[in-house]
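Trainee: Pasting a structure here, questions to come.
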Amino acid sequence: MRSIQEAKEEWEATFDAIEDAIFLIDETFTIQRANKGLAKLVGKNLTDIIGQKCYKLLHDIDHVPKFCLRPLLVKTFSYQSNELWEPHLNRYLQINCYPIIGAKKEVREVIHVIRDITERQKTLQELEYLASVVRHSQDAIISTDLNCQITSWNKAAERIFGYDGKEAVGNYMDIIIPEEQRKKCQLFVEEIGEGGGIENYETTRKTKDGKSIDVDLTLSPIKESEGDIIGVSFIARDVTYQKQLEAKLIQAQKMESIGTLAGGIAHDFNNLLMGIQGYASLMLLKTDPLHPHYEMLRKIEEQVQSASDLTKQLLGFARGGRYETKPTNFNELIHRSSEMFGRTKKEIVIHSKLEKDLWTVEVDQGQMEQVLLNLYVNAWHAMPGGGNLYLETSNVTLNESYVKPYDLEAGNYIKISVTDTGIGMDKKTKQRIFDPFFTTKEMGRGTGLGLASVYGIITNHKGIITVYSEKDYGTKFNIYLPVCEKAITPPTRIVSDKILKGAETILLVDDEEQVIDTTKQMLEYMGYMVLSARGGKEALVLYQDNRDRIDLVILDLIMPGTNGGEVYNQMKALNPDVRVILSSGYSLNDEASEVFKRGANAFIQKPFSIVELSYKIREVIDGISLSPMHM
Ligand SMILES: Nc1ncnc2c1ncn2[C@@H]1O[C@H](COP(=O)(O)OP(=O)(O)OP(=O)(O)O)[C@@H](O)[C@H]1O
Ligand SMILES: [Mg+2]
């Protein structure tokens, strides 16, 4: 039989072997017995612990704390427990109290079993912190098992994909994966199952309402504590907006560099054409219509017209290529251009739905007609067997988020839609249509400059152009142009090819020999007195000496040395009422086009015909608005 001593030792060894702190207190809260676990928890010797007040030892206070479990335990005679942070020990404690009932059915002593739960608590807090990061992440964070069945779905996933957590969890990832990508996704998941990972993979996903969005995906394995892979975590960032922005930026940069090149070519080319046009016009004027050369000369003029249409396209997407803007009712432009177009293309049925009180826009009318004509011709090409062309206008207000990617101001715009029921485009074609020289038409049918110039003209007018197209169904172009507050000045249209004559004195300034030569002869034919200068300096000297005689100056904008802009400023200083027609093949620098804004009377684009020039001159000298350009 074991001795009492042996039993005591065995009991004490058991008591001390328990890692939890265990101690007994009497009704005065004095510690009667304790194990080594308590000594370890409070960092004292067992001998110093016995006889101490428990609240002093554990909480370092001199009174029974409010959270003490003993009063409740005495009342209920049953086990009590709580968890608390003990700053004095710098630990989280779980306190369990058990009553020892005495002979008189009173609580004689209370056993405390205290477990140090600091580590567990810290892990819990970390988990909560992580959960909060996941909850508040801007990226969609989704977890699935290895069969792609969704196990968690955060708030951002709800926002990005449109399904709420209840709909998504338990469902399969297929709900957001486009059909054609499922196989690939399956391969990814298999790869992850074998321990791999995928980072920053750009692809598309679909939302609940069927929209396709661009996402950047990162996939990684979810492991159990033993290291077994039990699922996949998906982090998806919605990069749709970013991609759009990037594409627009690339487009803008591309257009800018090609535009500079195009502008340079157009400028030189237009000066050459001016010479050809001028000489042909002059010869025509002096040739009897019955002469065999007469028709050939007309053909030359026609060819120059075609060449000049080509350079006009180039100028469209050249930087700053926007000159004579006028407050305009866009409906009239559509009306006029579509009527002209419809007359020649009988197989196309034009449906117009124009807003009655369309807001006014300030535009270069010639360029806008070019825009519309390009769109009509493209639509016509897209409908080889005929079809419907819908032209619509409306007043719209664009908000900040709509205009932001275009770096434009929110506010009132007019919207112009040109829609056809033609062959449409696939995605790849659609991405490239605004590129200069991109064409899907056979050699000789298209140059690929049409939409590039449309894009250039619209962006030069601080507008927006968008395209929607469905292969085999048709295409819709939407154009937005900012509204202007100015009133419309209706032009007096004289449709005739009669040359208007005059007898005033004109100072002609240009650095190109053949331009001076032909223009001078044209002006003299019209009856004017002509002074000519081959450069800015010479022009200023001539102007100073003949100021009172000169009724009008025709001034080339781009010349070496003193350029047109400077000449204009100095003439204006000498005579604030000086009348000037600016002429150019193209304005390369912004300063030059500023001149027009500073009050030059008119602008004439080279190459110009004698009729055009004669109208411009009368317009400026007589102060009326004529328009021979859209005959
Ligand atoms: N309405 C449309 N329907 C279908 N495809 C179109 C439409 N408009 C343009 N495209 C496509 O965009 C391409 C580029 O058009 P763009 O007007 O710039 O050049 P183009 O018409 O080919 O030649 P150009 O206008 O210089 O004579 C076209 O070749 C065509 O593939
Ligand atoms: Mg075209």
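We name chains A, B, ... following the order of the structure tokens; residues begin at 1 in each chain, and ligands are numbered from 1 as shown.
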List all protein, DNA and RNA residues that have at least one atom no more than 6 Å from any atom of ligand 1, counting only C-alpha atoms and all ligand atoms, and write them as a list of chain:residue names.
Mentor: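 Selection of residues at most 6 Å from ligand 1: A:Asn378, A:Ala379, A:Ala382, A:Gly422, A:Ile423, A:Gly424, A:Met425, A:Ile433, A:Phe434, A:Phe438, A:Thr439, A:Thr440, A:Lys441, A:Gly446, A:Thr447, A:Gly448, A:Leu449, A:Gly450, A:Leu451, A:Ala452, A:Thr475.
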Trainee: For the residues in that selection, give me C-alpha atoms as an mmCIF file, in the first residue's frame.
Mentor:
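selection.cif, freshly written:
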```cif
data_model
loop_
_atom_site.group_PDB
_atom_site.id
_atom_site.type_symbol
_atom_site.label_atom_id
_atom_site.label_comp_id
_atom_site.auth_asym_id
_atom_site.auth_seq_id
_atom_site.Cartn_x
_atom_site.Cartn_y
_atom_site.Cartn_z
ATOM 1 C CA ASN A 378 -17.373 54.569 -95.543
ATOM 2 C CA ALA A 379 -20.981 53.618 -94.820
ATOM 3 C CA ALA A 382 -19.880 48.985 -96.133
ATOM 4 C CA GLY A 422 -23.515 47.425 -93.473
ATOM 5 C CA ILE A 423 -20.937 44.699 -93.077
ATOM 6 C CA GLY A 424 -19.658 45.928 -89.711
ATOM 7 C CA MET A 425 -16.217 45.220 -88.292
ATOM 8 C CA ILE A 433 -9.593 52.197 -88.021
ATOM 9 C CA PHE A 434 -8.313 55.585 -86.840
ATOM 10 C CA PHE A 438 -5.088 51.611 -92.316
ATOM 11 C CA THR A 439 -7.513 50.294 -94.879
ATOM 12 C CA THR A 440 -9.162 46.972 -95.623
ATOM 13 C CA LYS A 441 -10.073 48.103 -99.098
ATOM 14 C CA GLY A 446 -9.021 53.513 -100.183
ATOM 15 C CA THR A 447 -5.990 55.289 -98.790
ATOM 16 C CA GLY A 448 -6.897 54.748 -95.143
ATOM 17 C CA LEU A 449 -6.784 58.457 -94.430
ATOM 18 C CA GLY A 450 -10.529 59.036 -94.049
ATOM 19 C CA LEU A 451 -11.052 58.144 -90.417
ATOM 20 C CA ALA A 452 -7.602 59.363 -89.393
ATOM 21 C CA THR A 475 -21.583 50.350 -87.506
#
```
Trainee: From a DSSP calculation on the backbone, collect every residue of stretch 474-569 of chain A in strand (DSSP E) and output the set as a PDB file with N, CA, C and O atoms, in the first residue's frame.
Mentor:
```pdb
ATOM      1  N   GLY A 474     -23.647  46.095 -88.684  1.00  0.00           N
ATOM      2  CA  GLY A 474     -23.538  47.511 -88.982  1.00  0.00           C
ATOM      3  C   GLY A 474     -22.611  48.233 -88.032  1.00  0.00           C
ATOM      4  O   GLY A 474     -21.986  47.627 -87.158  1.00  0.00           O
ATOM      5  N   THR A 475     -22.543  49.537 -88.235  1.00  0.00           N
ATOM      6  CA  THR A 475     -21.583  50.350 -87.506  1.00  0.00           C
ATOM      7  C   THR A 475     -22.220  51.665 -87.113  1.00  0.00           C
ATOM      8  O   THR A 475     -23.016  52.227 -87.863  1.00  0.00           O
ATOM      9  N   LYS A 476     -21.861  52.124 -85.911  1.00  0.00           N
ATOM     10  CA  LYS A 476     -22.363  53.423 -85.478  1.00  0.00           C
ATOM     11  C   LYS A 476     -21.194  54.271 -85.001  1.00  0.00           C
ATOM     12  O   LYS A 476     -20.410  53.843 -84.164  1.00  0.00           O
ATOM     13  N   PHE A 477     -21.064  55.456 -85.565  1.00  0.00           N
ATOM     14  CA  PHE A 477     -20.085  56.418 -85.075  1.00  0.00           C
ATOM     15  C   PHE A 477     -20.833  57.489 -84.295  1.00  0.00           C
ATOM     16  O   PHE A 477     -21.837  58.018 -84.770  1.00  0.00           O
ATOM     17  N   ASN A 478     -20.342  57.789 -83.078  1.00  0.00           N
ATOM     18  CA  ASN A 478     -20.896  58.901 -82.303  1.00  0.00           C
ATOM     19  C   ASN A 478     -19.846  59.983 -82.185  1.00  0.00           C
ATOM     20  O   ASN A 478     -18.698  59.699 -81.865  1.00  0.00           O
ATOM     21  N   ILE A 479     -20.272  61.198 -82.451  1.00  0.00           N
ATOM     22  CA  ILE A 479     -19.353  62.338 -82.317  1.00  0.00           C
ATOM     23  C   ILE A 479     -19.951  63.292 -81.291  1.00  0.00           C
ATOM     24  O   ILE A 479     -21.155  63.567 -81.314  1.00  0.00           O
ATOM     25  N   TYR A 480     -19.114  63.771 -80.399  1.00  0.00           N
ATOM     26  CA  TYR A 480     -19.559  64.777 -79.424  1.00  0.00           C
ATOM     27  C   TYR A 480     -18.743  66.043 -79.648  1.00  0.00           C
ATOM     28  O   TYR A 480     -17.519  65.981 -79.730  1.00  0.00           O
ATOM     29  N   LEU A 481     -19.429  67.180 -79.749  1.00  0.00           N
ATOM     30  CA  LEU A 481     -18.711  68.450 -79.924  1.00  0.00           C
ATOM     31  C   LEU A 481     -19.179  69.432 -78.855  1.00  0.00           C
ATOM     32  O   LEU A 481     -20.379  69.511 -78.560  1.00  0.00           O
ATOM     33  N   PRO A 482     -18.233  70.192 -78.278  1.00  0.00           N
ATOM     34  CA  PRO A 482     -18.622  71.102 -77.185  1.00  0.00           C
ATOM     35  C   PRO A 482     -19.481  72.262 -77.709  1.00  0.00           C
ATOM     36  O   PRO A 482     -19.261  72.764 -78.810  1.00  0.00           O
ATOM     37  N   THR A 505      -6.006  98.036-104.058  1.00  0.00           N
ATOM     38  CA  THR A 505      -4.590  97.673-104.065  1.00  0.00           C
ATOM     39  C   THR A 505      -4.345  96.589-103.013  1.00  0.00           C
ATOM     40  O   THR A 505      -4.796  96.714-101.870  1.00  0.00           O
ATOM     41  N   ILE A 506      -3.631  95.579-103.445  1.00  0.00           N
ATOM     42  CA  ILE A 506      -3.408  94.441-102.561  1.00  0.00           C
ATOM     43  C   ILE A 506      -1.921  94.176-102.405  1.00  0.00           C
ATOM     44  O   ILE A 506      -1.171  94.178-103.394  1.00  0.00           O
ATOM     45  N   LEU A 507      -1.482  93.972-101.153  1.00  0.00           N
ATOM     46  CA  LEU A 507      -0.091  93.580-100.910  1.00  0.00           C
ATOM     47  C   LEU A 507      -0.048  92.055-100.745  1.00  0.00           C
ATOM     48  O   LEU A 507      -0.722  91.501 -99.871  1.00  0.00           O
ATOM     49  N   LEU A 508       0.727  91.414-101.600  1.00  0.00           N
ATOM     50  CA  LEU A 508       0.799  89.956-101.597  1.00  0.00           C
ATOM     51  C   LEU A 508       2.145  89.516-101.009  1.00  0.00           C
ATOM     52  O   LEU A 508       3.192  89.937-101.479  1.00  0.00           O
ATOM     53  N   VAL A 509       2.077  88.699 -99.934  1.00  0.00           N
ATOM     54  CA  VAL A 509       3.325  88.282 -99.282  1.00  0.00           C
ATOM     55  C   VAL A 509       3.434  86.754 -99.279  1.00  0.00           C
ATOM     56  O   VAL A 509       2.570  86.067 -98.727  1.00  0.00           O
ATOM     57  N   MET A 529      -4.660  96.195-108.204  1.00  0.00           N
ATOM     58  CA  MET A 529      -3.273  96.666-108.249  1.00  0.00           C
ATOM     59  C   MET A 529      -2.509  95.785-107.270  1.00  0.00           C
ATOM     60  O   MET A 529      -2.948  95.601-106.139  1.00  0.00           O
ATOM     61  N   VAL A 530      -1.379  95.249-107.685  1.00  0.00           N
ATOM     62  CA  VAL A 530      -0.695  94.311-106.783  1.00  0.00           C
ATOM     63  C   VAL A 530       0.712  94.772-106.433  1.00  0.00           C
ATOM     64  O   VAL A 530       1.502  95.140-107.305  1.00  0.00           O
ATOM     65  N   LEU A 531       1.015  94.781-105.128  1.00  0.00           N
ATOM     66  CA  LEU A 531       2.396  94.934-104.669  1.00  0.00           C
ATOM     67  C   LEU A 531       2.793  93.576-104.122  1.00  0.00           C
ATOM     68  O   LEU A 531       1.987  92.937-103.442  1.00  0.00           O
ATOM     69  N   SER A 532       4.022  93.125-104.403  1.00  0.00           N
ATOM     70  CA  SER A 532       4.354  91.809-103.857  1.00  0.00           C
ATOM     71  C   SER A 532       5.677  91.828-103.104  1.00  0.00           C
ATOM     72  O   SER A 532       6.590  92.583-103.425  1.00  0.00           O
ATOM     73  N   ALA A 533       5.736  90.985-102.068  1.00  0.00           N
ATOM     74  CA  ALA A 533       6.940  90.876-101.247  1.00  0.00           C
ATOM     75  C   ALA A 533       7.304  89.413-101.076  1.00  0.00           C
ATOM     76  O   ALA A 533       6.436  88.579-100.856  1.00  0.00           O
ATOM     77  N   LEU A 552      -5.713  95.782 -98.739  1.00  0.00           N
ATOM     78  CA  LEU A 552      -5.786  94.414 -98.238  1.00  0.00           C
ATOM     79  C   LEU A 552      -4.407  93.756 -98.347  1.00  0.00           C
ATOM     80  O   LEU A 552      -3.656  94.036 -99.271  1.00  0.00           O
ATOM     81  N   VAL A 553      -4.105  92.900 -97.347  1.00  0.00           N
ATOM     82  CA  VAL A 553      -2.851  92.146 -97.409  1.00  0.00           C
ATOM     83  C   VAL A 553      -3.190  90.650 -97.495  1.00  0.00           C
ATOM     84  O   VAL A 553      -4.026  90.163 -96.735  1.00  0.00           O
ATOM     85  N   ILE A 554      -2.556  89.961 -98.435  1.00  0.00           N
ATOM     86  CA  ILE A 554      -2.684  88.489 -98.459  1.00  0.00           C
ATOM     87  C   ILE A 554      -1.343  87.955 -97.963  1.00  0.00           C
ATOM     88  O   ILE A 554      -0.303  88.187 -98.579  1.00  0.00           O
ATOM     89  N   LEU A 555      -1.394  87.308 -96.812  1.00  0.00           N
ATOM     90  CA  LEU A 555      -0.160  87.031 -96.087  1.00  0.00           C
ATOM     91  C   LEU A 555       0.027  85.530 -95.850  1.00  0.00           C
ATOM     92  O   LEU A 555      -0.802  84.877 -95.228  1.00  0.00           O
ATOM     93  N   ASP A 556       1.153  85.021 -96.328  1.00  0.00           N
ATOM     94  CA  ASP A 556       1.481  83.612 -96.088  1.00  0.00           C
ATOM     95  C   ASP A 556       1.925  83.473 -94.629  1.00  0.00           C
ATOM     96  O   ASP A 556       2.661  84.308 -94.113  1.00  0.00           O
TER      97      ASP A 556
END
```
Trainee: Need to verify the contact set: A:Leu297, 8 Å, only C-alpha atoms, exclusion of same-chain residues closer than 4 positions in sequence. Can you return it as a PyMOL selection string?
Mentor: chain A and resi 280-281+283-284+293+301
Trainee: Keeping only N, CA, C and O atoms, write the selected residues to a file as a PDB file, in the first residue's frame.
Mentor:
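Listed below is the output, part_1.pdb:
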```pdb
ATOM      1  N   ALA A 280      -2.692  76.728-114.375  1.00  0.00           N
ATOM      2  CA  ALA A 280      -3.785  76.133-115.154  1.00  0.00           C
ATOM      3  C   ALA A 280      -4.964  77.105-115.227  1.00  0.00           C
ATOM      4  O   ALA A 280      -5.543  77.324-116.295  1.00  0.00           O
ATOM      5  N   SER A 281      -5.309  77.723-114.096  1.00  0.00           N
ATOM      6  CA  SER A 281      -6.427  78.680-114.085  1.00  0.00           C
ATOM      7  C   SER A 281      -6.146  79.838-115.024  1.00  0.00           C
ATOM      8  O   SER A 281      -7.010  80.259-115.801  1.00  0.00           O
ATOM      9  N   MET A 283      -4.098  79.982-117.582  1.00  0.00           N
ATOM     10  CA  MET A 283      -4.124  79.569-118.981  1.00  0.00           C
ATOM     11  C   MET A 283      -5.562  79.397-119.461  1.00  0.00           C
ATOM     12  O   MET A 283      -5.905  79.789-120.575  1.00  0.00           O
ATOM     13  N   LEU A 284      -6.400  78.839-118.587  1.00  0.00           N
ATOM     14  CA  LEU A 284      -7.804  78.649-118.939  1.00  0.00           C
ATOM     15  C   LEU A 284      -8.481  79.972-119.239  1.00  0.00           C
ATOM     16  O   LEU A 284      -9.262  80.103-120.187  1.00  0.00           O
ATOM     17  N   HIS A 293      -6.733  72.571-126.228  1.00  0.00           N
ATOM     18  CA  HIS A 293      -6.078  72.516-124.922  1.00  0.00           C
ATOM     19  C   HIS A 293      -7.011  72.858-123.756  1.00  0.00           C
ATOM     20  O   HIS A 293      -6.712  72.570-122.608  1.00  0.00           O
ATOM     21  N   GLU A 301      -6.998  71.057-113.733  1.00  0.00           N
ATOM     22  CA  GLU A 301      -7.659  71.675-112.572  1.00  0.00           C
ATOM     23  C   GLU A 301      -8.370  70.617-111.728  1.00  0.00           C
ATOM     24  O   GLU A 301      -8.306  70.643-110.494  1.00  0.00           O
TER      25      GLU A 301
END
```
Trainee: List the neighbours of A:Glu27 out to 9 Å using only C-alpha atoms; skip same-chain residues closer than 5 positions along the sequence, and give me the result as a PDB file with N, CA, C and O atoms, in the first residue's frame.
Mentor:
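Now in selection.pdb:
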```pdb
ATOM      1  N   VAL A 107     -19.827  27.795  -0.157  1.00  0.00           N
ATOM      2  CA  VAL A 107     -18.647  27.760  -1.018  1.00  0.00           C
ATOM      3  C   VAL A 107     -17.437  27.964  -0.115  1.00  0.00           C
ATOM      4  O   VAL A 107     -17.251  29.046   0.438  1.00  0.00           O
ATOM      5  N   ARG A 108     -16.728  26.877   0.050  1.00  0.00           N
ATOM      6  CA  ARG A 108     -15.642  26.961   1.006  1.00  0.00           C
ATOM      7  C   ARG A 108     -14.421  27.614   0.367  1.00  0.00           C
ATOM      8  O   ARG A 108     -13.844  28.561   0.875  1.00  0.00           O
ATOM      9  N   GLU A 109     -14.105  27.098  -0.768  1.00  0.00           N
ATOM     10  CA  GLU A 109     -12.958  27.649  -1.504  1.00  0.00           C
ATOM     11  C   GLU A 109     -13.330  27.724  -2.991  1.00  0.00           C
ATOM     12  O   GLU A 109     -14.305  27.113  -3.416  1.00  0.00           O
ATOM     13  N   VAL A 110     -12.487  28.510  -3.710  1.00  0.00           N
ATOM     14  CA  VAL A 110     -12.721  28.578  -5.171  1.00  0.00           C
ATOM     15  C   VAL A 110     -11.435  28.154  -5.885  1.00  0.00           C
ATOM     16  O   VAL A 110     -10.356  28.664  -5.578  1.00  0.00           O
TER      17      VAL A 110
END
```
Trainee: Name all residues at most 9 Å from A:Ser337 (count only C-alpha atoms; drop same-chain ones fewer than 3 positions away) and give them as number ranges by chain.
Mentor: A: 332-334, 340-342, 369, 372-373
Trainee: What is the atom CA of A:Lys105 to atom CA of A:Lys75 distance in Å?
Mentor: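 Answer for the atom CA of A:Lys105 to atom CA of A:Lys75 separation: 11.9 Å.
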Trainee: Running DSSP on the backbone, which parts of stretch 290-384 of chain A land in alpha helix (DSSP H), as an MDAnalysis selection string?
Mentor: chainID A and resid 292:316 330:344 365:382
Trainee: Tell me, as a list in words, which residues lie within 10 Å of A:Met255, counting only C-alpha atoms; anything in the same chain fewer than 3 positions away does not count.
Mentor: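 Listing them by chain and then by number gives Leu249, Ile250, Gln251, Ala252, Ile258, Gly259, Thr260, Leu261, Ala262, Phe317, Ala318, Arg319, Phe434, Asp435, Pro436, Ala452, Ser453, Tyr455 and Gly456 of chain A.
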Trainee: Please indicate the distance in Å from atom CA of A:Phe603 to atom CA of A:Arg547, rounded to one decimal place.
Mentor: 21.5 Å
